[in-house]
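Down below is the structure, laid out as structure tokens.
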Amino acid sequence: MIAGALSSCALVPQKDREYLSDPIMQLKDNAAEASSDAHNMPRREGSSGGGAGAGGGCGC
Amino acid sequence: MRVPLVWMIPSILFASEAGSGLSLHYEYFEDANEVWSHTPGFDVRAALSPNWTASISAEVDGVSGASRVNPPDVNSADGVSGASAKQTPTLLDGISGASTVEFRVSQTSHLTYSHNGTVASVGYYTSKEDDYYSSAPMLDLAYDLFERNTTVGLSLSYYDDRFVNKDVTPPGKDPFHPEGSARKRLTSGQMSITQSLTSLTLVSVAAQRIHSWGYLSKPYNPVMVKLDEPILEDPATNTYRYYDSYLETLPSDKKALVFSGTLVQGYTFIPDHLGSIRIQYRHYSDDWKLSSHTLDNEWSQYLTESLYMRIRYRWYTQTRAEFVYLKYRGDEKYMTSDVKYYPFTSNLIGIKFGGLFPEDWQENHVWVPTAWNIKVDYLIRNTKGNKAQFQYFSEDQNYHQTTFMTGVDYAF
């Protein structure tokens, strides 16, 4: 059902996808920023877990 | 607009093929409790063939533990100021009995296969510090559909962590006795769908299940329980004891569900200067009855052809775990004084600049990177007047933290 719904979306030709590859259009931060966030915020939040860096550090 | 391959970090969700490159970064963190860390790191990627890529990333943390409140001095009515190592910064750390600075080393290795929009990656993560070891195999799969407009992804990981007693707890309060260590394990499975809707619109939704079990407590979070009547401990000095201290005790099993969604919308109102808005929402809930909402927003704008700015605002709020109370009697099955299980809200604002170095610089000097970035994030936490957390950190009531980060990228 999801696949059917997605297939009905208008397709973006490869030649028009230049913007989608730009660094400011990414769904996720770069690896270093993602690691930094995993380091400094979730570990101090109750919803931590599941990401990289389950270990301690940062005064934990 | 030129887009270097090194910026297409191996984000498996987006199923893009990365070339060879090297990223270097440095991070500085400090908070209101005078905890600081210096974290240099690198990420090197090598394209072994058109289909195979190997990558290794590593970080070293130098972390201060000086602001942690010492093991509760039960002779002191003031468990915060009377015991905080902040007042005696030249002394050894009150908890570990060792240096006030500890080091943590972590590394992640990946081997990735990609072919026509199909990406499979296996990875292995390890980290090591004085009293904690972690290792995790990881598997990521992504598959592009509908002329690569849709990507479905699956990520699995299994963490096997171990607390090791390095005289970190007060005498007679070793939670690891007699084994000398305690194991904590965590499995995570996530499914995601990413869809490009237009040449400027990208959406993604994901569902994640996290299961952790074993020793989920920490030996560093003493729970102070006020005595009904002070106990005279030393008549000679007229010293009274006002509190008993207990080790943190948490359930040994936790199951959590996470649902998240991301929208990236670009715009080209300013000719040749792309801008974008990214909105991320995350909902977390677990069987400890703790739930949270996270809204992470970014606005990015190219200021010139090769320089962009990003403004970030992140809002986070959570409820309390069901076993959390402002005061304990001392006979409860589970007890904690860690602020991360109490209700609070936090706000983060950040700014980042990134850009490309001129190509002719790289032609003349091999050491000149292709790209650079620098950012600062500032977070404030509101504990809603909760008075319980003073038992752990001295500044949990007015907590704030600052993170500075900078990095450069090389493309080979």
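Residues in the structure tokens are numbered from 1 in each chain, the chains being A, B, ... in the order shown, and ligands are numbered from 1 in the order shown.
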
*Within 8 Å of Val368 (chain B), counting only C-alpha atoms, which residues show up once you throw out same-chain ones fewer than 5 positions away? Write them as a ChimeraX atom specification, please.*
/B:357,361-362,410

*May I have the residues within 9 Å of Ile24 (chain A) as an MDAnalysis selection string, using only C-alpha atoms and disregarding those fewer than 6 positions away in the same chain?*
chainID B and resid 266 274:278 299:302 308 310

*6 Å contacts from chain B to chain A using only C-alpha atoms, as JSON, numbers by chain*: {"B": [63, 65, 134, 188, 198, 199, 210, 340, 341]}

_Could you list, as number ranges by chain, every residue within 8 Å of region 253-263 of chain B, counting only C-alpha atoms and ignoring same-chain residues fewer than 4 positions away?_
A: 27; B: 201-214, 216, 277-288

Per DSSP on the backbone, filter region 8-46 of chain A down to the residues in alpha helix (DSSP H) and report them as a short mmCIF file (atom, residue, chain, number, x, y, z; two decimals) with C-alpha atoms, in the first residue's frame.
data_model
loop_
_atom_site.label_atom_id
_atom_site.label_comp_id
_atom_site.auth_asym_id
_atom_site.auth_seq_id
_atom_site.Cartn_x
_atom_site.Cartn_y
_atom_site.Cartn_z
CA ALA A 31 28.85 12.11 10.54
CA ALA A 32 30.85 14.35 12.87
CA GLU A 33 27.84 16.51 13.76
CA ALA A 34 25.67 13.48 14.31
CA SER A 35 28.32 12.04 16.60
CA SER A 36 28.54 15.35 18.45
CA ASP A 37 24.79 15.43 19.03
CA ALA A 38 24.80 11.82 20.15
CA HIS A 39 27.55 12.73 22.56
CA ASN A 40 26.19 15.84 24.12
#

_Atomic distance CA of Leu356 (chain B) - CA of Ser55 (chain B), expressed in Å with one decimal_ =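 About the pair CA of Leu356 (chain B) and CA of Ser55 (chain B): they are 22.6 Å apart.
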
*Within 7 Å of Thr118 (chain B), counting only C-alpha atoms, which residues show up once you throw out same-chain ones fewer than 3 positions away? Write them as a ChimeraX atom specification, please.*
/B:114-115,142-144

*asked:* DSSP on the backbone, strand (DSSP E or B) only: what residues of region 168-386 of chain B does that give? Format it as a PyMOL selection string.
replied: chain B and resi 181-198+201-214+223-234+239-246+249+253-270+273-286+291-304+307-318+335+344-356+371-382
